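Structure record follows, encoded as structure tokens.
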Amino acid sequence: MTPSFDDFVAEQVTPLLRYATVLTCDPHLAQDVVQEVLLRAQQKWERIGSVDLPHAYVKRMVTNEYLSWRRRRAAKDVALCMTTLESVTPPVGDTTHHYDEREAMLQRIAKLPRKQRAAVVLRYYENYEDSEIAQMLGCAEGTVRSHISRALATLRMDHTPEPAGVGLRLGEGLS
Amino acid sequence: MNDTEQLIKEALGQLAERTPHPGPTLNALRRKRKRQRNNIFLIATAGVAAVAVLVFGGLVASDRYAPPLPNDAAAALTPSAPGALKYQPHWLPDGFVETFRSANDGSTERGWVPANAPADGYGGGPSVTLSSGQGSSSQIGEWRDVTVRGLKARVQASGEQAVVEWKAQDVLVVRVDRVADPEGTALRVADSVRADSNAVFEAPFKVKGKPAVVFSGTSPGEWNARYSPGRGPFEVTVGKSKPETGDAPSVPVEVRGKQGVIVGGGTLVVQEGDLWITVSSSPADKPDAEIVAMANDVEIASNVDTGWIRKK
């Protein structure tokens with residue numbers, strides 16, 4: 001039976017926002033992307049609601065919206081910074097020294113080209129296989145491996161471990 | 001899984017913890033859906049009213065005659081002139097080349113990226129932009145007063161970004177992103193900006209006589225241009241690369257005398273020679289016939305000047 005659009009939104013809005021936040025590295029942009037995608041999904045709900053996995057379809061719409069040219073300029077203008085993130089939700093307390101290292105890694109992930117970043121998110125956050133990532137990004141599996149390999153090379157190259165306590169300061173730009 | 005991969009997982013997990021509350025998204029969605037319903041009602045009402053006015057107006061005006069003003073025809077036939085970009089920086093960081101131009105409603109923008117930048121140069125790497133006709137809306141730090149060639153100016157900087165704004169004949173803004181010494185670089189670029197009457201924005205295509213507003217490329221043979229009237233209802237792109245449509249459901253349509261496809265119900269794609277035309281309805285609620293009609297109205301320029309792409 002086709003779920004109603006309202007039921008779908010009630011159930012999926014938070015997972016979609018979470019995915020979009022990780023994908024865009026920007027909670028405001030994530031809200032914008034998810035809103036636009038849900039509006040479009042609602043207009044085509046008769047068809048989308050009848051596919052096997054509506055949530056997977058809509059998630060793919062979120063990915064495409066993020067990767068689409070319409071968002072390129074916007075993303076260039078939206079600087080990811082800690083104040084932006086923290087104006088939406090405060091960081092969760094973490095007293096370990098890994099915190100700074102993770103923040104630094106986030107900075108580097110935010111600077112990756114979009115397709116590389118999407119591939120990294122799908123691999124390391126969503127735990128997708130290459131074939132699933134290829135389907136989501138609309139490219140070949142070899143291209144996915146290439147994106148991830150390049151991303152890892154960049155992230156490793158930039159990775160210079162810092163002593164505990166020396167990390168990103170509040171308000172410092174991430175992108 | 002090695003240390004880097006583990007750290008990536010942890011970093012992404014940490015970012016996910018900052019997911020915004022769904023309340024604002026749900027409220028915005030509710031408001032937009034309501035507005036859409038109201039718009040449909042308003043459009044229907046306006047349509048009925050317009051028909052009534054036309055019928056009544058036609059009846060009243062049918063026995064009057066007013067000769068056309070001599071300038072009317074000339075005004076209607078004047079082609080839209082190519083947009084003058086008007087300004088050129090004479091100093092850029094080493095190796096930077098131009099990949100982006102836009103002109104819209106009197107404001108212009110040009111963008112430069114490192115020559116070895118991947119993709120379209122806006123994938124998150126270093127960039128320098130010069131815009132005219134519109135002040136900066138960025139708020140990356142506190143504005144401070146400076147001078148650019150003796151003119152009063154202001155600068156703001158944060159991290160790897162800096163913006164300089166000043167008023168010459170037009171308001172000019174230089175923005176640099178992800179470069180070393182962003183403030184120093186932005187000020188040096190700004191100091192080097194001079195009027196340049198040779199730089200023009202030549203749109204590669206028009207839609208009903210209105211030129212594309214954005215033109216960018218990674219090489220003279222690999223470019224993309226966009227026409228988007230405000231925030232909709234249509235956006236048109238013409239470019240050398242085949243658009244990525246994934247495996248969304250597609251329906252064949254006849255457009256521009258050849259076969260194209262409508263993908264995902266809101267985007268039309270058709271190939272013409274070595275160019276790809278894409279028309280997207282946003283939101284994707286336009287009938288296929290309207291999207292096809294929009295694509296039929298695209299006029300591609302016979303000689304597209306792409307010689308500026310990847311030049312300093």
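We name chains A, B, ... following the order of the structure tokens; residues begin at 1 in each chain, and ligands are numbered from 1 as shown.
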Residues at most 12 Å from region 298-306 of chain B, counting only C-alpha atoms, excluding those fewer than 4 positions away in the same chain, as a ChimeraX atom specification? /B:82,98-101,199-212,215-227,235-240,255-256,270,272-279,291-294,310-311
Just the residues within 10 Å of Arg145 (chain A), please, counting only C-alpha atoms, with nothing from its chain fewer than 6 positions along; format it as an MDAnalysis selection string. chainID A and resid 116 119 130:131 133:134 151
Report as an mmCIF file with N, CA and C atoms, in the first residue's frame the set of chain B residues whose atoms approach chain A to within 8 Å, with distances computed over only C-alpha atoms.
data_model
loop_
_atom_site.group_PDB
_atom_site.id
_atom_site.type_symbol
_atom_site.label_atom_id
_atom_site.label_comp_id
_atom_site.auth_asym_id
_atom_site.auth_seq_id
_atom_site.Cartn_x
_atom_site.Cartn_y
_atom_site.Cartn_z
ATOM 1 N N THR B 4 42.893 6.967 9.318
ATOM 2 C CA THR B 4 42.225 8.066 8.596
ATOM 3 C C THR B 4 40.757 7.738 8.375
ATOM 4 N N GLU B 5 40.508 6.502 7.945
ATOM 5 C CA GLU B 5 39.120 6.110 7.683
ATOM 6 C C GLU B 5 38.294 6.137 8.971
ATOM 7 N N LEU B 7 38.853 8.030 11.511
ATOM 8 C CA LEU B 7 38.663 9.442 11.867
ATOM 9 C C LEU B 7 37.562 10.073 11.008
ATOM 10 N N ILE B 8 37.511 9.680 9.729
ATOM 11 C CA ILE B 8 36.448 10.192 8.848
ATOM 12 C C ILE B 8 35.091 9.773 9.396
ATOM 13 N N LYS B 9 34.987 8.505 9.770
ATOM 14 C CA LYS B 9 33.718 7.995 10.317
ATOM 15 C C LYS B 9 33.312 8.794 11.553
ATOM 16 N N GLU B 10 34.278 8.999 12.427
ATOM 17 C CA GLU B 10 33.969 9.712 13.669
ATOM 18 C C GLU B 10 33.582 11.155 13.385
ATOM 19 N N ALA B 11 34.301 11.787 12.440
ATOM 20 C CA ALA B 11 34.021 13.192 12.120
ATOM 21 C C ALA B 11 32.619 13.336 11.533
ATOM 22 N N LEU B 12 32.252 12.421 10.626
ATOM 23 C CA LEU B 12 30.921 12.491 10.015
ATOM 24 C C LEU B 12 29.843 12.209 11.061
ATOM 25 N N GLY B 13 30.135 11.290 11.954
ATOM 26 C CA GLY B 13 29.182 11.001 13.028
ATOM 27 C C GLY B 13 28.974 12.225 13.905
ATOM 28 N N GLN B 14 30.063 12.931 14.156
ATOM 29 C CA GLN B 14 29.972 14.142 14.971
ATOM 30 C C GLN B 14 29.147 15.217 14.263
ATOM 31 N N LEU B 15 29.344 15.326 12.942
ATOM 32 C CA LEU B 15 28.581 16.304 12.162
ATOM 33 C C LEU B 15 27.099 15.952 12.188
ATOM 34 N N ALA B 16 26.798 14.657 12.118
ATOM 35 C CA ALA B 16 25.396 14.213 12.111
ATOM 36 C C ALA B 16 24.685 14.602 13.404
ATOM 37 N N GLU B 17 25.456 14.704 14.487
ATOM 38 C CA GLU B 17 24.841 15.075 15.761
ATOM 39 C C GLU B 17 24.325 16.511 15.738
ATOM 40 N N ARG B 18 24.766 17.267 14.746
ATOM 41 C CA ARG B 18 24.332 18.662 14.649
ATOM 42 C C ARG B 18 23.175 18.839 13.669
ATOM 43 N N THR B 19 22.524 17.760 13.336
ATOM 44 C CA THR B 19 21.352 17.842 12.451
ATOM 45 C C THR B 19 20.327 18.800 13.041
ATOM 46 N N PRO B 20 19.828 19.739 12.239
ATOM 47 C CA PRO B 20 18.855 20.676 12.796
ATOM 48 C C PRO B 20 17.538 19.990 13.168
ATOM 49 N N HIS B 21 16.817 20.596 14.086
ATOM 50 C CA HIS B 21 15.505 20.086 14.475
ATOM 51 C C HIS B 21 14.580 20.150 13.260
ATOM 52 N N PRO B 22 13.722 19.140 13.069
ATOM 53 C CA PRO B 22 12.880 19.142 11.859
ATOM 54 C C PRO B 22 11.780 20.199 11.873
ATOM 55 N N THR B 25 11.874 22.969 9.179
ATOM 56 C CA THR B 25 11.692 22.401 7.828
ATOM 57 C C THR B 25 10.229 22.061 7.598
ATOM 58 N N LEU B 26 9.602 21.423 8.608
ATOM 59 C CA LEU B 26 8.193 21.050 8.454
ATOM 60 C C LEU B 26 7.318 22.291 8.322
ATOM 61 N N ALA B 28 8.230 25.269 7.184
ATOM 62 C CA ALA B 28 8.465 25.886 5.874
ATOM 63 C C ALA B 28 7.757 25.100 4.781
ATOM 64 N N LEU B 29 7.780 23.787 4.919
ATOM 65 C CA LEU B 29 7.128 22.918 3.930
ATOM 66 C C LEU B 29 5.621 23.187 3.926
ATOM 67 N N LYS B 32 4.927 26.555 2.297
ATOM 68 C CA LYS B 32 5.096 26.548 0.838
ATOM 69 C C LYS B 32 3.966 25.789 0.163
ATOM 70 N N ARG B 33 3.526 24.693 0.779
ATOM 71 C CA ARG B 33 2.422 23.930 0.178
ATOM 72 C C ARG B 33 1.155 24.766 0.174
ATOM 73 N N TYR B 122 34.621 25.511 -9.194
ATOM 74 C CA TYR B 122 33.834 25.920 -8.034
ATOM 75 C C TYR B 122 33.534 24.718 -7.155
ATOM 76 N N GLY B 123 34.414 23.760 -7.238
ATOM 77 C CA GLY B 123 34.229 22.562 -6.426
ATOM 78 C C GLY B 123 34.787 22.726 -5.035
ATOM 79 N N GLY B 124 35.068 23.920 -4.633
ATOM 80 C CA GLY B 124 35.527 24.137 -3.270
ATOM 81 C C GLY B 124 36.974 24.535 -3.168
ATOM 82 N N GLY B 125 37.606 24.880 -4.282
ATOM 83 C CA GLY B 125 39.005 25.256 -4.244
ATOM 84 C C GLY B 125 39.203 26.753 -4.160
ATOM 85 N N SER B 138 27.946 39.423 1.875
ATOM 86 C CA SER B 138 28.634 38.474 2.759
ATOM 87 C C SER B 138 28.858 39.080 4.134
ATOM 88 N N SER B 158 38.076 36.547 7.178
ATOM 89 C CA SER B 158 37.960 35.499 8.185
ATOM 90 C C SER B 158 38.543 34.222 7.603
ATOM 91 N N GLY B 159 39.390 33.572 8.363
ATOM 92 C CA GLY B 159 39.972 32.312 7.882
ATOM 93 C C GLY B 159 40.673 32.522 6.550
ATOM 94 N N GLU B 160 40.219 31.785 5.541
ATOM 95 C CA GLU B 160 40.863 31.869 4.225
ATOM 96 C C GLU B 160 40.076 32.753 3.264
ATOM 97 N N ARG B 178 40.014 30.810 0.036
ATOM 98 C CA ARG B 178 40.999 29.727 0.128
ATOM 99 C C ARG B 178 42.322 30.051 -0.548
ATOM 100 N N GLU B 244 23.971 14.903 -16.128
ATOM 101 C CA GLU B 244 23.832 13.652 -15.396
ATOM 102 C C GLU B 244 22.392 13.512 -14.950
ATOM 103 N N THR B 245 21.747 12.492 -15.415
ATOM 104 C CA THR B 245 20.343 12.308 -15.037
ATOM 105 C C THR B 245 20.149 11.041 -14.230
ATOM 106 N N GLY B 246 21.210 10.297 -13.996
ATOM 107 C CA GLY B 246 21.098 9.055 -13.239
ATOM 108 C C GLY B 246 20.197 8.085 -13.964
ATOM 109 N N ASP B 247 19.481 7.261 -13.210
ATOM 110 C CA ASP B 247 18.564 6.343 -13.877
ATOM 111 C C ASP B 247 17.122 6.657 -13.491
ATOM 112 N N GLY B 265 10.150 13.787 -14.578
ATOM 113 C CA GLY B 265 8.926 14.589 -14.626
ATOM 114 C C GLY B 265 9.135 16.090 -14.665
ATOM 115 N N PRO B 283 9.346 24.881 -9.120
ATOM 116 C CA PRO B 283 9.236 23.458 -8.806
ATOM 117 C C PRO B 283 8.791 22.647 -10.021
ATOM 118 N N ALA B 284 8.981 21.334 -9.905
ATOM 119 C CA ALA B 284 8.747 20.463 -11.058
ATOM 120 C C ALA B 284 7.260 20.185 -11.251
ATOM 121 N N ASP B 285 6.480 21.251 -11.430
ATOM 122 C CA ASP B 285 5.044 21.025 -11.540
ATOM 123 C C ASP B 285 4.501 21.492 -12.885
#
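For Ser50 (chain A), the list of residues within 10 Å, based on only C-alpha atoms and with local chain neighbours fewer than 3 positions off taken out, reads Met1, Thr2, Pro3, Trp45, Glu46, Arg47, Leu53 and Pro54 of chain A.
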Give me a file of those residues, with N, CA and C atoms, as a PDB file, in the first residue's frame.
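Final file, result37.pdb:
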ATOM      1  N   MET A   1       0.845  -1.197   0.000  1.00  0.00           N
ATOM      2  CA  MET A   1       0.000   0.000   0.000  1.00  0.00           C
ATOM      3  C   MET A   1       0.885   1.254   0.000  1.00  0.00           C
ATOM      4  N   THR A   2       0.513   2.256  -0.797  1.00  0.00           N
ATOM      5  CA  THR A   2       1.306   3.479  -0.869  1.00  0.00           C
ATOM      6  C   THR A   2       1.130   4.296   0.409  1.00  0.00           C
ATOM      7  N   PRO A   3       2.239   4.618   1.090  1.00  0.00           N
ATOM      8  CA  PRO A   3       2.093   5.453   2.299  1.00  0.00           C
ATOM      9  C   PRO A   3       1.689   6.866   1.900  1.00  0.00           C
ATOM     10  N   TRP A  45       4.115  12.488  -5.757  1.00  0.00           N
ATOM     11  CA  TRP A  45       4.024  11.440  -4.748  1.00  0.00           C
ATOM     12  C   TRP A  45       3.328  10.180  -5.243  1.00  0.00           C
ATOM     13  N   GLU A  46       2.377  10.357  -6.139  1.00  0.00           N
ATOM     14  CA  GLU A  46       1.646   9.189  -6.639  1.00  0.00           C
ATOM     15  C   GLU A  46       2.636   8.173  -7.211  1.00  0.00           C
ATOM     16  N   ARG A  47       3.621   8.697  -7.937  1.00  0.00           N
ATOM     17  CA  ARG A  47       4.611   7.816  -8.560  1.00  0.00           C
ATOM     18  C   ARG A  47       5.692   7.389  -7.561  1.00  0.00           C
ATOM     19  N   LEU A  53      11.159   1.435  -2.626  1.00  0.00           N
ATOM     20  CA  LEU A  53      11.734   2.097  -1.451  1.00  0.00           C
ATOM     21  C   LEU A  53      11.661   3.608  -1.622  1.00  0.00           C
ATOM     22  N   PRO A  54      10.512   4.190  -1.263  1.00  0.00           N
ATOM     23  CA  PRO A  54      10.371   5.643  -1.476  1.00  0.00           C
ATOM     24  C   PRO A  54      11.467   6.445  -0.775  1.00  0.00           C
TER      25      PRO A  54
END
Just how far from CA of Lys242 (chain B) is CA of Ser281 (chain B), in Å to one decimal?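 That distance, rounded to one decimal, is 18.3 Å.
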What does the structure give for the distance between CA of Ala115 (chain B) and CA of Trp308 (chain B), in Å to one decimal?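 Computing it gives 13.1 Å between the two atoms.
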From the DSSP assignment of the backbone, select every residue of region 138-214 of chain B that is strand (DSSP E or B), and format the answer as a ChimeraX atom specification. /B:144-148,151-158,161-167,171-177,193-195,200-201,205-207,210-211,214
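Each of A:Leu29, A:Val51, A:Val58, A:Val144 was checked against Tyr128 (chain A) using only C-alpha atoms; the smallest atom-to-atom distance is that of A:Val144.
What separates CA of Ser280 (chain B) from CA of Gly142 (chain A) is a distance of 29.3 Å.
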